[in-house]
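start.cif (mmCIF, C-alpha atoms) appears below.
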```cif
data_coords
loop_
_atom_site.label_atom_id
_atom_site.label_comp_id
_atom_site.auth_asym_id
_atom_site.auth_seq_id
_atom_site.Cartn_x
_atom_site.Cartn_y
_atom_site.Cartn_z
CA MET D 1 37.18 107.67 -176.31
CA THR D 2 40.42 108.34 -178.17
CA PHE D 3 39.79 111.77 -179.66
CA MET D 4 40.05 115.22 -178.09
CA ALA D 5 36.80 117.14 -178.35
CA THR D 6 37.07 120.55 -180.01
CA CYS D 7 33.46 121.63 -179.48
CA ARG D 8 29.92 120.69 -178.56
CA ALA D 9 27.69 119.79 -181.48
CA ALA D 10 24.06 119.15 -182.36
CA VAL D 11 22.94 116.81 -185.14
CA TYR D 12 19.94 117.45 -187.36
CA GLY D 13 18.34 114.95 -189.70
CA ALA D 14 14.78 115.94 -190.47
CA THR D 15 13.42 117.95 -193.35
CA ILE D 16 10.23 120.01 -193.30
CA ASP D 17 7.87 121.34 -195.96
CA ASN D 18 8.37 125.05 -196.62
CA GLY D 19 4.71 125.57 -197.46
CA LEU D 20 5.38 125.56 -201.21
CA GLY D 21 5.81 121.80 -201.47
CA ASP D 22 9.61 121.89 -201.18
CA ALA D 23 11.50 119.90 -198.55
CA ILE D 24 14.02 122.03 -196.66
CA ASP D 25 16.44 121.17 -193.86
CA ASP D 26 15.05 121.47 -190.34
CA ASN D 27 17.91 122.99 -188.36
CA ASP D 28 15.72 123.74 -185.33
CA THR D 29 14.93 120.21 -184.08
CA PRO D 30 17.98 118.02 -183.33
CA VAL D 31 17.98 114.22 -183.47
CA GLU D 32 16.96 112.85 -180.06
CA GLY D 33 20.09 112.07 -178.05
CA LEU D 34 22.28 114.31 -180.22
CA GLU D 35 21.20 117.74 -179.00
CA ASP D 36 24.49 118.65 -177.29
CA VAL D 37 27.31 116.11 -177.64
CA ARG D 38 31.10 116.27 -177.47
CA ALA D 39 32.71 116.26 -180.91
CA SER D 40 35.96 116.82 -182.73
CA LEU D 41 35.39 118.87 -185.89
CA ILE D 42 38.58 119.50 -187.84
CA GLU D 43 38.44 121.32 -191.17
CA LYS D 44 40.92 120.28 -193.84
CA SER D 45 41.76 121.55 -197.29
CA ARG D 46 43.85 120.44 -200.22
CA LYS D 47 44.87 122.29 -203.34
CA LEU D 48 44.33 120.19 -206.47
CA PHE D 49 45.63 120.84 -209.98
CA ASP D 50 43.47 119.87 -212.96
CA ALA D 51 45.84 119.12 -215.84
CA THR D 52 43.06 119.24 -218.45
CA THR D 53 42.06 122.82 -217.64
CA GLY D 54 45.37 124.03 -216.25
CA ALA D 55 43.59 125.42 -213.20
CA SER D 56 44.00 124.68 -209.54
CA ARG D 57 41.25 124.62 -206.97
CA THR D 58 40.98 124.17 -203.25
CA VAL D 59 38.80 121.39 -201.86
CA ARG D 60 37.60 121.82 -198.27
CA TRP D 61 36.02 119.24 -195.98
CA CYS D 62 35.68 118.42 -192.31
CA VAL D 63 36.52 115.26 -190.41
CA ALA D 64 34.16 114.80 -187.47
CA ARG D 65 34.68 112.37 -184.59
CA PHE D 66 32.16 111.28 -181.98
CA ASP D 67 32.03 108.54 -179.36
CA ALA D 68 31.36 105.20 -181.07
CA HIS D 69 28.27 104.41 -178.96
CA LEU D 70 26.50 107.29 -180.79
CA ALA D 71 26.99 105.67 -184.24
CA PRO D 72 23.49 104.12 -184.50
CA LEU D 73 21.93 107.60 -184.19
CA PHE D 74 23.67 108.96 -187.32
CA ALA D 75 22.89 108.58 -191.03
CA GLU D 76 24.33 109.93 -194.25
CA GLY D 77 22.76 113.25 -195.16
CA TYR D 78 22.35 114.34 -191.54
CA ARG D 79 23.80 117.72 -190.61
CA ILE D 80 26.22 118.55 -187.79
CA LYS D 81 26.15 122.01 -186.25
CA ASP D 82 29.14 123.29 -184.31
CA LEU D 83 27.40 124.96 -181.36
CA ARG D 84 30.36 127.28 -180.80
CA SER D 85 30.82 128.68 -184.32
CA GLY D 86 27.41 127.93 -185.83
CA LYS D 87 28.94 126.23 -188.90
CA ILE D 88 26.95 123.37 -190.40
CA TYR D 89 28.44 120.28 -192.05
CA VAL D 90 26.65 117.59 -194.09
CA ILE D 91 27.58 113.94 -193.42
CA ASP D 92 28.84 112.20 -196.57
CA GLU D 93 30.37 109.01 -195.19
CA LEU D 94 30.26 107.07 -191.90
CA THR D 95 33.09 104.84 -190.61
CA VAL D 96 34.10 103.38 -187.26
CA ASP D 97 37.84 103.44 -186.47
CA VAL D 98 39.23 101.23 -183.74
CA HIS D 99 42.34 102.65 -182.04
CA GLY D 100 44.71 101.69 -179.28
CA LEU D 101 45.34 98.67 -177.13
CA ALA D 102 42.04 98.91 -175.32
CA SER D 103 40.13 98.89 -178.65
CA ASN D 104 38.50 102.22 -177.89
CA ALA D 105 36.47 103.23 -180.89
CA ASP D 106 35.88 106.59 -182.52
CA PHE D 107 33.00 107.22 -184.86
CA VAL D 108 34.45 109.10 -187.85
CA LEU D 109 32.41 111.11 -190.35
CA ASP D 110 33.57 112.69 -193.58
CA THR D 111 31.55 115.81 -194.16
CA ARG D 112 31.27 118.67 -196.57
CA ILE D 113 30.95 122.25 -195.46
CA LEU D 114 27.74 124.15 -196.18
#
```
Would you encode the structure as C-alpha cells?
Amino acid sequence: MTFMATCRAAVYGATIDNGLGDAIDDNDTPVEGLEDVRASLIEKSRKLFDATTGASRTVRWCVARFDAHLAPLFAEGYRIKDLRSGKIYVIDELTVDVHGLASNADFVLDTRIL
C-alpha cells in the first residue's frame, strides 16, 4: 500500500426495480468484500474557461485509491460511499498505478460526485 487512507468506504454496484419498472441505484447492499474498506478519497476541482461562450465553470471530481488486491471487485458505474461524510461518488475510470521500489500498487479510480 502506498497511499494514506482518508476514510472508510463502502462500494455499491447493484440496481433495483423501484416498483414502476425503473432501475434505481441500490445504496443499501454493498458489494461483497467491499462493505467497509480503507480508501483515499480526495476531491479536486479546476476552473475552465470556454472561449466560445466567454464563460468559466468549475469542474469537480474525486480521485479514489484502494489497495490493488481489491481491483477485481470493482467495475465502472459502481458507486463509492464515504462512510464518514456520506458522500457518494460514481466510478468513471479504473486504473492500476505501480509506485515505488517495491512495486506496491494502488488501485486508482476517477469518479464524479453525485
Pull the closest atom pair for each residue of range 35-67 of chain D that gets at most 7 Å from range 8-14 of chain D, along with the distance in Å to one decimal, counting all atoms listed in the file, ordering rows by chain and then ascending residue number, as a Markdown table.
```
| residue | atom | partner | partner_atom | distance |
| --- | --- | --- | --- | --- |
| D:Glu35 | CA | D:Ala10 | CA | 4.6 |
| D:Asp36 | CA | D:Ala10 | CA | 5.1 |
| D:Val37 | CA | D:Ala9 | CA | 5.3 |
| D:Arg38 | CA | D:Arg8 | CA | 4.7 |
| D:Ala39 | CA | D:Arg8 | CA | 5.7 |
```
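Omitting Ile16 in chain D and its sequence neighbours fewer than 2 positions away, and counting only C-alpha atoms, the residues within 6 Å are D:Ala23, D:Ile24, D:Asp26.
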Restricting it to C-alpha atoms, dump the selection as a short mmCIF file (atom, residue, chain, number, x, y, z; two decimals), in the frame of the given file.
```cif
data_model
loop_
_atom_site.label_atom_id
_atom_site.label_comp_id
_atom_site.auth_asym_id
_atom_site.auth_seq_id
_atom_site.Cartn_x
_atom_site.Cartn_y
_atom_site.Cartn_z
CA ALA D 23 11.50 119.90 -198.55
CA ILE D 24 14.02 122.03 -196.66
CA ASP D 26 15.05 121.47 -190.34
#
```
Of the listed residues D:Asp50, D:Asp82, D:Glu76, D:Asp28, that which approaches Leu109 in chain D most closely, counting only C-alpha atoms: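 Among the listed residues, the smallest separation from Leu109 in chain D belongs to D:Glu76.
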Determine the residue membership of the PyMOL selection byres ((chain D and resi 41) around 9) for the file above and supply it as a list in words.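 Taken on the displayed file, the PyMOL selection byres ((chain D and resi 41) around 9) yields the residues Ala5, Thr6, Cys7, Ala9, Ala39, Ser40, Ile42, Glu43, Cys62, Val63, Ala64, Arg65 and Asp82 of chain D.
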Expected file contents, prior selection, C-alpha atoms, as a CSV table (one decimal), keeping the file's coordinate frame:
```
chain,number,residue,atom,x,y,z
D,5,ALA,CA,36.8,117.1,-178.4
D,6,THR,CA,37.1,120.6,-180.0
D,7,CYS,CA,33.5,121.6,-179.5
D,9,ALA,CA,27.7,119.8,-181.5
D,39,ALA,CA,32.7,116.3,-180.9
D,40,SER,CA,36.0,116.8,-182.7
D,42,ILE,CA,38.6,119.5,-187.8
D,43,GLU,CA,38.4,121.3,-191.2
D,62,CYS,CA,35.7,118.4,-192.3
D,63,VAL,CA,36.5,115.3,-190.4
D,64,ALA,CA,34.2,114.8,-187.5
D,65,ARG,CA,34.7,112.4,-184.6
D,82,ASP,CA,29.1,123.3,-184.3
```
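Interatomic distance, CA of Val108 in chain D to CA of Asn27 in chain D: 21.6 Å.
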Which residues are close to Leu114 in chain D, i.e. within 7 Å by only C-alpha atoms, leaving aside same-chain residues fewer than 2 positions away? Reply as a ChimeraX atom specification. /D:88-90,112
Using all atoms listed in the file, can you list as a ChimeraX atom specification the residues within 9 Å of (27.0, 109.8, -181.6)? /D:11,33-34,37-39,65-74,107
Selected residues, C-alpha atoms, written as a PDB file, in the frame of the given file, please.
```
ATOM      1  CA  VAL D  11      22.940 116.810-185.140  1.00  0.00           C
ATOM      2  CA  GLY D  33      20.090 112.070-178.050  1.00  0.00           C
ATOM      3  CA  LEU D  34      22.280 114.310-180.220  1.00  0.00           C
ATOM      4  CA  VAL D  37      27.310 116.110-177.640  1.00  0.00           C
ATOM      5  CA  ARG D  38      31.100 116.270-177.470  1.00  0.00           C
ATOM      6  CA  ALA D  39      32.710 116.260-180.910  1.00  0.00           C
ATOM      7  CA  ARG D  65      34.680 112.370-184.590  1.00  0.00           C
ATOM      8  CA  PHE D  66      32.160 111.280-181.980  1.00  0.00           C
ATOM      9  CA  ASP D  67      32.030 108.540-179.360  1.00  0.00           C
ATOM     10  CA  ALA D  68      31.360 105.200-181.070  1.00  0.00           C
ATOM     11  CA  HIS D  69      28.270 104.410-178.960  1.00  0.00           C
ATOM     12  CA  LEU D  70      26.500 107.290-180.790  1.00  0.00           C
ATOM     13  CA  ALA D  71      26.990 105.670-184.240  1.00  0.00           C
ATOM     14  CA  PRO D  72      23.490 104.120-184.500  1.00  0.00           C
ATOM     15  CA  LEU D  73      21.930 107.600-184.190  1.00  0.00           C
ATOM     16  CA  PHE D  74      23.670 108.960-187.320  1.00  0.00           C
ATOM     17  CA  PHE D 107      33.000 107.220-184.860  1.00  0.00           C
TER      18      PHE D 107
END
```
Pairwise distance for CA of Thr111 in chain D and CA of Thr29 in chain D, rounded to one decimal in Å: 19.9 Å
Given the file above and the PyMOL selection byres ((chain D and resi 60) around 8), which residues are selected, and can you give them as an NGL selection string? :D and (43-46 or 58-59 or 61-62 or 112-113)
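Between CA of Asp92 in chain D and CA of Tyr78 in chain D the interatomic distance comes to 8.5 Å.
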For Val31 in chain D, which residue among D:Glu93, D:Thr52, D:Asp17, D:Lys81 is the nearest when counting all atoms listed in the file? D:Lys81
